[in-house]
$ cat input_15.pdb   # PDB, C-alpha atoms, pLDDT in the B column
ATOM      1  CA  MET A 939     -19.274  -9.530 -14.689  1.00 64.00           C
ATOM      2  CA  THR A 940     -16.685  -6.793 -15.031  1.00 78.00           C
ATOM      3  CA  SER A 941     -13.412  -6.704 -13.192  1.00 85.00           C
ATOM      4  CA  PRO A 942     -13.132  -4.215 -10.320  1.00 91.00           C
ATOM      5  CA  SER A 943     -11.460  -0.915 -11.153  1.00 94.00           C
ATOM      6  CA  GLU A 944      -8.430   0.527  -9.394  1.00 95.00           C
ATOM      7  CA  ARG A 945     -10.848   2.880  -7.630  1.00 96.00           C
ATOM      8  CA  ASP A 946     -12.820  -0.127  -6.337  1.00 96.00           C
ATOM      9  CA  ILE A 947      -9.661  -1.754  -4.951  1.00 97.00           C
ATOM     10  CA  GLU A 948      -8.518   1.532  -3.386  1.00 97.00           C
ATOM     11  CA  GLY A 949     -11.949   1.991  -1.789  1.00 97.00           C
ATOM     12  CA  TYR A 950     -11.762  -1.521  -0.364  1.00 98.00           C
ATOM     13  CA  LEU A 951      -8.263  -0.808   1.014  1.00 98.00           C
ATOM     14  CA  LEU A 952      -9.542   2.372   2.652  1.00 98.00           C
ATOM     15  CA  ALA A 953     -12.553   0.549   4.154  1.00 98.00           C
ATOM     16  CA  GLN A 954     -10.391  -2.271   5.533  1.00 98.00           C
ATOM     17  CA  CYS A 955      -7.905   0.177   7.025  1.00 98.00           C
ATOM     18  CA  ARG A 956     -10.700   2.122   8.700  1.00 98.00           C
ATOM     19  CA  GLU A 957     -12.234  -1.105  10.016  1.00 98.00           C
ATOM     20  CA  HIS A 958      -8.933  -1.978  11.695  1.00 98.00           C
ATOM     21  CA  GLY A 959      -8.239   1.544  12.962  1.00 97.00           C
ATOM     22  CA  PHE A 960      -5.364   2.249  10.557  1.00 98.00           C
ATOM     23  CA  LEU A 961      -4.709   5.613   8.921  1.00 98.00           C
ATOM     24  CA  CYS A 962      -4.819   5.323   5.132  1.00 98.00           C
ATOM     25  CA  LEU A 963      -3.654   8.591   3.625  1.00 98.00           C
ATOM     26  CA  LYS A 964      -3.685   9.550  -0.038  1.00 97.00           C
ATOM     27  CA  PHE A 965      -0.113  10.261  -1.095  1.00 94.00           C
ATOM     28  CA  VAL A 966       0.462  13.014  -3.647  1.00 92.00           C
ATOM     29  CA  SER A 967       3.898  14.472  -4.225  1.00 93.00           C
ATOM     30  CA  PRO A 968       3.789  17.357  -6.716  1.00 92.00           C
ATOM     31  CA  GLY A 969       6.676  17.246  -9.139  1.00 90.00           C
ATOM     32  CA  ARG A 970       7.594  13.688  -8.177  1.00 91.00           C
ATOM     33  CA  GLY A 971       6.043  11.006 -10.367  1.00 90.00           C
ATOM     34  CA  GLY A 972       5.729   7.361  -9.500  1.00 95.00           C
ATOM     35  CA  VAL A 973       5.023   7.693  -5.793  1.00 97.00           C
ATOM     36  CA  PRO A 974       2.712   5.047  -4.279  1.00 98.00           C
ATOM     37  CA  ASP A 975      -0.994   5.850  -3.983  1.00 97.00           C
ATOM     38  CA  ARG A 976      -1.356   5.487  -0.224  1.00 98.00           C
ATOM     39  CA  ILE A 977       0.558   5.725   3.035  1.00 98.00           C
ATOM     40  CA  VAL A 978      -0.803   3.419   5.721  1.00 98.00           C
ATOM     41  CA  VAL A 979       0.051   4.108   9.352  1.00 98.00           C
ATOM     42  CA  ALA A 980      -0.737   1.101  11.505  1.00 97.00           C
ATOM     43  CA  LEU A 981       0.504  -0.291  14.782  1.00 94.00           C
ATOM     44  CA  GLY A 982       3.667   1.798  14.795  1.00 93.00           C
ATOM     45  CA  ARG A 983       4.468   1.140  11.140  1.00 95.00           C
ATOM     46  CA  ILE A 984       4.448   3.423   8.121  1.00 97.00           C
ATOM     47  CA  VAL A 985       3.893   1.541   4.871  1.00 98.00           C
ATOM     48  CA  PHE A 986       3.511   2.686   1.270  1.00 98.00           C
ATOM     49  CA  VAL A 987       0.835   1.014  -0.878  1.00 98.00           C
ATOM     50  CA  GLU A 988       0.456   1.084  -4.653  1.00 98.00           C
ATOM     51  CA  VAL A 989      -3.044   0.188  -5.841  1.00 98.00           C
ATOM     52  CA  LYS A 990      -3.597  -1.363  -9.267  1.00 97.00           C
ATOM     53  CA  ARG A 991      -6.579  -2.767 -11.097  1.00 96.00           C
ATOM     54  CA  PRO A 992      -6.592  -6.577 -11.184  1.00 95.00           C
ATOM     55  CA  GLY A 993      -3.643  -7.657 -13.303  1.00 93.00           C
ATOM     56  CA  GLY A 994      -2.376  -4.072 -13.594  1.00 95.00           C
ATOM     57  CA  ARG A 995       1.356  -3.539 -13.943  1.00 95.00           C
ATOM     58  CA  LEU A 996       3.640  -0.932 -12.483  1.00 97.00           C
ATOM     59  CA  GLN A 997       4.864   1.806 -14.776  1.00 96.00           C
ATOM     60  CA  LYS A 998       8.632   2.109 -15.095  1.00 97.00           C
ATOM     61  CA  ARG A 999       8.719   5.286 -12.981  1.00 97.00           C
ATOM     62  CA  GLN A1000       6.640   3.587 -10.284  1.00 97.00           C
ATOM     63  CA  GLN A1001       9.022   0.625 -10.157  1.00 98.00           C
ATOM     64  CA  LEU A1002      11.999   2.984  -9.935  1.00 97.00           C
ATOM     65  CA  MET A1003      10.369   4.932  -7.080  1.00 97.00           C
ATOM     66  CA  HIS A1004       9.442   1.741  -5.209  1.00 98.00           C
ATOM     67  CA  ASP A1005      13.031   0.534  -5.561  1.00 98.00           C
ATOM     68  CA  LYS A1006      14.328   3.875  -4.266  1.00 97.00           C
ATOM     69  CA  LEU A1007      11.960   3.824  -1.290  1.00 97.00           C
ATOM     70  CA  ARG A1008      13.012   0.261  -0.438  1.00 98.00           C
ATOM     71  CA  ARG A1009      16.712   1.199  -0.664  1.00 98.00           C
ATOM     72  CA  HIS A1010      15.975   3.829   1.963  1.00 98.00           C
ATOM     73  CA  GLY A1011      14.365   1.241   4.236  1.00 97.00           C
ATOM     74  CA  ALA A1012      10.704   1.805   3.392  1.00 97.00           C
ATOM     75  CA  GLU A1013       8.157  -0.966   3.166  1.00 97.00           C
ATOM     76  CA  VAL A1014       6.241  -0.844  -0.139  1.00 98.00           C
ATOM     77  CA  HIS A1015       3.349  -3.117  -1.151  1.00 98.00           C
ATOM     78  CA  VAL A1016       1.343  -3.459  -4.349  1.00 98.00           C
ATOM     79  CA  VAL A1017      -2.266  -4.665  -4.190  1.00 98.00           C
ATOM     80  CA  ASP A1018      -4.443  -5.378  -7.201  1.00 97.00           C
ATOM     81  CA  ASP A1019      -7.469  -7.176  -5.782  1.00 97.00           C
ATOM     82  CA  LYS A1020      -9.464  -7.657  -2.583  1.00 97.00           C
ATOM     83  CA  LEU A1021      -7.538 -10.783  -1.647  1.00 97.00           C
ATOM     84  CA  GLY A1022      -4.325  -8.779  -1.948  1.00 98.00           C
ATOM     85  CA  VAL A1023      -5.771  -6.099   0.334  1.00 98.00           C
ATOM     86  CA  ASP A1024      -6.820  -8.763   2.837  1.00 98.00           C
ATOM     87  CA  ALA A1025      -3.319 -10.274   2.769  1.00 98.00           C
ATOM     88  CA  PHE A1026      -1.788  -6.817   3.233  1.00 98.00           C
ATOM     89  CA  VAL A1027      -3.990  -6.106   6.269  1.00 98.00           C
ATOM     90  CA  ALA A1028      -3.164  -9.544   7.732  1.00 97.00           C
ATOM     91  CA  HIS A1029       0.537  -8.740   7.217  1.00 96.00           C
ATOM     92  CA  LEU A1030       0.138  -5.515   9.190  1.00 97.00           C
ATOM     93  CA  LEU A1031      -1.706  -7.288  11.989  1.00 96.00           C
ATOM     94  CA  LYS A1032       1.134  -9.800  12.427  1.00 91.00           C
ATOM     95  CA  PRO A1033       3.756  -8.615  14.876  1.00 77.00           C
ATOM     96  CA  SER A1034       7.018  -7.913  13.078  1.00 64.00           C
ATOM     97  CA  SER A1035      10.395  -8.730  14.553  1.00 56.00           C
ATOM     98  CA  ASP A1036      10.959  -4.977  14.975  1.00 52.00           C
ATOM     99  CA  GLN A1037       7.797  -4.656  17.032  1.00 46.00           C
ATOM    100  CA  GLN A1038       8.295  -7.684  19.280  1.00 41.00           C
ATOM    101  CA  GLY A1039       9.444  -6.563  22.675  1.00 39.00           C
ATOM    102  CA  ALA A1040       8.858  -2.899  21.877  1.00 37.00           C
ATOM    103  CA  ALA A1041       7.082  -0.793  24.456  1.00 36.00           C
ATOM    104  CA  PRO A1042       3.486   0.115  23.500  1.00 35.00           C
TER     105      PRO A1042
END
$ encode --input "input_15.pdb" --output "structure tokens"
Amino acid sequence: MTSPSERDIEGYLLAQCREHGFLCLKFVSPGRGGVPDRIVVALGRIVFVEVKRPGGRLQKRQQLMHDKLRRHGAEVHVVDDKLGVDAFVAHLLKPSSDQQGAAP
């Protein structure tokens, strides 16, 4: 049995986001390398997601961009398998401290 490809994991992420009513947008930034693959908009949150094949590693420019995004207050996740996608979705479904007490 072969390991799933990055495309397989990204397709699973997209399917899970759709199932839960989240927006899962492809992120392309011409002239700016290393940006995460997806932007997920869910339950009042905007989250960046990098998709890798199982065991895949971030490139140096991806790590630098993730660090920069986090310094600016962004939430960035890396998923490399279906369990990681499931954990990411569960994370989004949990109320965050920022969301508790917020008006709908």
$ residues_around --input "input_15.pdb" --residues "range 1017-1021 of chain A" --least-positions-apart "6" --cutoff "12 Å" --atoms "only C-alpha atoms" --output "PyMOL selection string"
chain A and resi 941-954+974-976+986-996+1027-1028
$ atom_distance --input "input_15.pdb" --atom1 "CA of Lys1032 in chain A" --atom2 "CA of Ile977 in chain A"
18.2 Å
$ residues_around --input "input_15.pdb" --residues "Leu961 in chain A" --least-positions-apart "3" --cutoff "10 Å" --atoms "all atoms listed in the file" --output "count of residues only"
12
$ atom_distance --input "input_15.pdb" --atom1 "CA of Gln1001 in chain A" --atom2 "CA of Gly959 in chain A"
28.9 Å
$ residues_around --input "input_15.pdb" --residues "Gly1011 in chain A" --least-positions-apart "3" --cutoff "12 Å" --atoms "only C-alpha atoms" --output "PyMOL selection string"
chain A and resi 984-986+1004-1008+1014
$ closest_residue --input "input_15.pdb" --among "A:His1029, A:Val966, A:Gln997, A:Gly972" --to "His1015 in chain A" --atoms "all atoms listed in the file"
A:His1029
$ closest_residue --input "input_15.pdb" --among "A:Gln1000, A:Leu1031, A:Glu957, A:Gly969" --to "Val1016 in chain A" --atoms "all atoms listed in the file"
A:Gln1000
$ closest_residue --input "input_15.pdb" --among "A:Met1003, A:Leu1030, A:Cys962, A:Ala1025" --to "Gly982 in chain A" --atoms "all atoms listed in the file"
A:Leu1030
$ atom_distance --input "input_15.pdb" --atom1 "CA of Arg999 in chain A" --atom2 "CA of Val973 in chain A"
8.4 Å
$ closest_residue --input "input_15.pdb" --among "A:Gly971, A:Phe965, A:Thr940, A:Arg983" --to "Pro1033 in chain A" --atoms "only C-alpha atoms"
A:Arg983
$ decode --input "input_15.pdb" --residues "range 973-989 of chain A" --atoms "N, CA and C atoms" --output "PDB file, in the first residue's frame"
ATOM      1  N   VAL A 973       4.299  30.680   1.205  1.00  0.00           N
ATOM      2  CA  VAL A 973       3.016  30.880   1.875  1.00  0.00           C
ATOM      3  C   VAL A 973       2.309  29.534   2.053  1.00  0.00           C
ATOM      4  N   PRO A 974       1.496  29.404   3.114  1.00  0.00           N
ATOM      5  CA  PRO A 974       0.755  28.154   3.323  1.00  0.00           C
ATOM      6  C   PRO A 974      -0.186  27.854   2.157  1.00  0.00           C
ATOM      7  N   ASP A 975      -0.556  26.578   2.034  1.00  0.00           N
ATOM      8  CA  ASP A 975      -1.386  26.126   0.921  1.00  0.00           C
ATOM      9  C   ASP A 975      -2.826  26.611   0.986  1.00  0.00           C
ATOM     10  N   ARG A 976      -3.372  26.696   2.192  1.00  0.00           N
ATOM     11  CA  ARG A 976      -4.798  26.968   2.350  1.00  0.00           C
ATOM     12  C   ARG A 976      -5.051  28.018   3.422  1.00  0.00           C
ATOM     13  N   ILE A 977      -6.157  28.732   3.253  1.00  0.00           N
ATOM     14  CA  ILE A 977      -6.698  29.614   4.281  1.00  0.00           C
ATOM     15  C   ILE A 977      -8.063  29.042   4.628  1.00  0.00           C
ATOM     16  N   VAL A 978      -8.258  28.728   5.899  1.00  0.00           N
ATOM     17  CA  VAL A 978      -9.531  28.182   6.356  1.00  0.00           C
ATOM     18  C   VAL A 978     -10.236  29.257   7.177  1.00  0.00           C
ATOM     19  N   VAL A 979     -11.479  29.526   6.808  1.00  0.00           N
ATOM     20  CA  VAL A 979     -12.309  30.484   7.527  1.00  0.00           C
ATOM     21  C   VAL A 979     -13.416  29.674   8.186  1.00  0.00           C
ATOM     22  N   ALA A 980     -13.422  29.695   9.519  1.00  0.00           N
ATOM     23  CA  ALA A 980     -14.348  28.841  10.255  1.00  0.00           C
ATOM     24  C   ALA A 980     -14.707  29.469  11.586  1.00  0.00           C
ATOM     25  N   LEU A 981     -15.987  29.597  11.823  1.00  0.00           N
ATOM     26  CA  LEU A 981     -16.477  30.018  13.135  1.00  0.00           C
ATOM     27  C   LEU A 981     -15.803  31.290  13.627  1.00  0.00           C
ATOM     28  N   GLY A 982     -15.668  32.256  12.735  1.00  0.00           N
ATOM     29  CA  GLY A 982     -15.080  33.541  13.095  1.00  0.00           C
ATOM     30  C   GLY A 982     -13.570  33.562  13.171  1.00  0.00           C
ATOM     31  N   ARG A 983     -12.936  32.510  12.708  1.00  0.00           N
ATOM     32  CA  ARG A 983     -11.469  32.421  12.729  1.00  0.00           C
ATOM     33  C   ARG A 983     -10.940  32.337  11.308  1.00  0.00           C
ATOM     34  N   ILE A 984      -9.737  32.858  11.129  1.00  0.00           N
ATOM     35  CA  ILE A 984      -9.025  32.746   9.856  1.00  0.00           C
ATOM     36  C   ILE A 984      -7.702  32.072  10.168  1.00  0.00           C
ATOM     37  N   VAL A 985      -7.479  30.904   9.566  1.00  0.00           N
ATOM     38  CA  VAL A 985      -6.345  30.058   9.909  1.00  0.00           C
ATOM     39  C   VAL A 985      -5.625  29.636   8.636  1.00  0.00           C
ATOM     40  N   PHE A 986      -4.301  29.685   8.658  1.00  0.00           N
ATOM     41  CA  PHE A 986      -3.493  29.223   7.544  1.00  0.00           C
ATOM     42  C   PHE A 986      -3.133  27.755   7.753  1.00  0.00           C
ATOM     43  N   VAL A 987      -3.145  26.979   6.660  1.00  0.00           N
ATOM     44  CA  VAL A 987      -2.828  25.550   6.748  1.00  0.00           C
ATOM     45  C   VAL A 987      -1.831  25.180   5.658  1.00  0.00           C
ATOM     46  N   GLU A 988      -0.737  24.574   6.079  1.00  0.00           N
ATOM     47  CA  GLU A 988       0.254  23.998   5.169  1.00  0.00           C
ATOM     48  C   GLU A 988      -0.024  22.502   5.092  1.00  0.00           C
ATOM     49  N   VAL A 989      -0.116  21.978   3.885  1.00  0.00           N
ATOM     50  CA  VAL A 989      -0.377  20.553   3.684  1.00  0.00           C
ATOM     51  C   VAL A 989       0.902  19.894   3.179  1.00  0.00           C
TER      52      VAL A 989
END
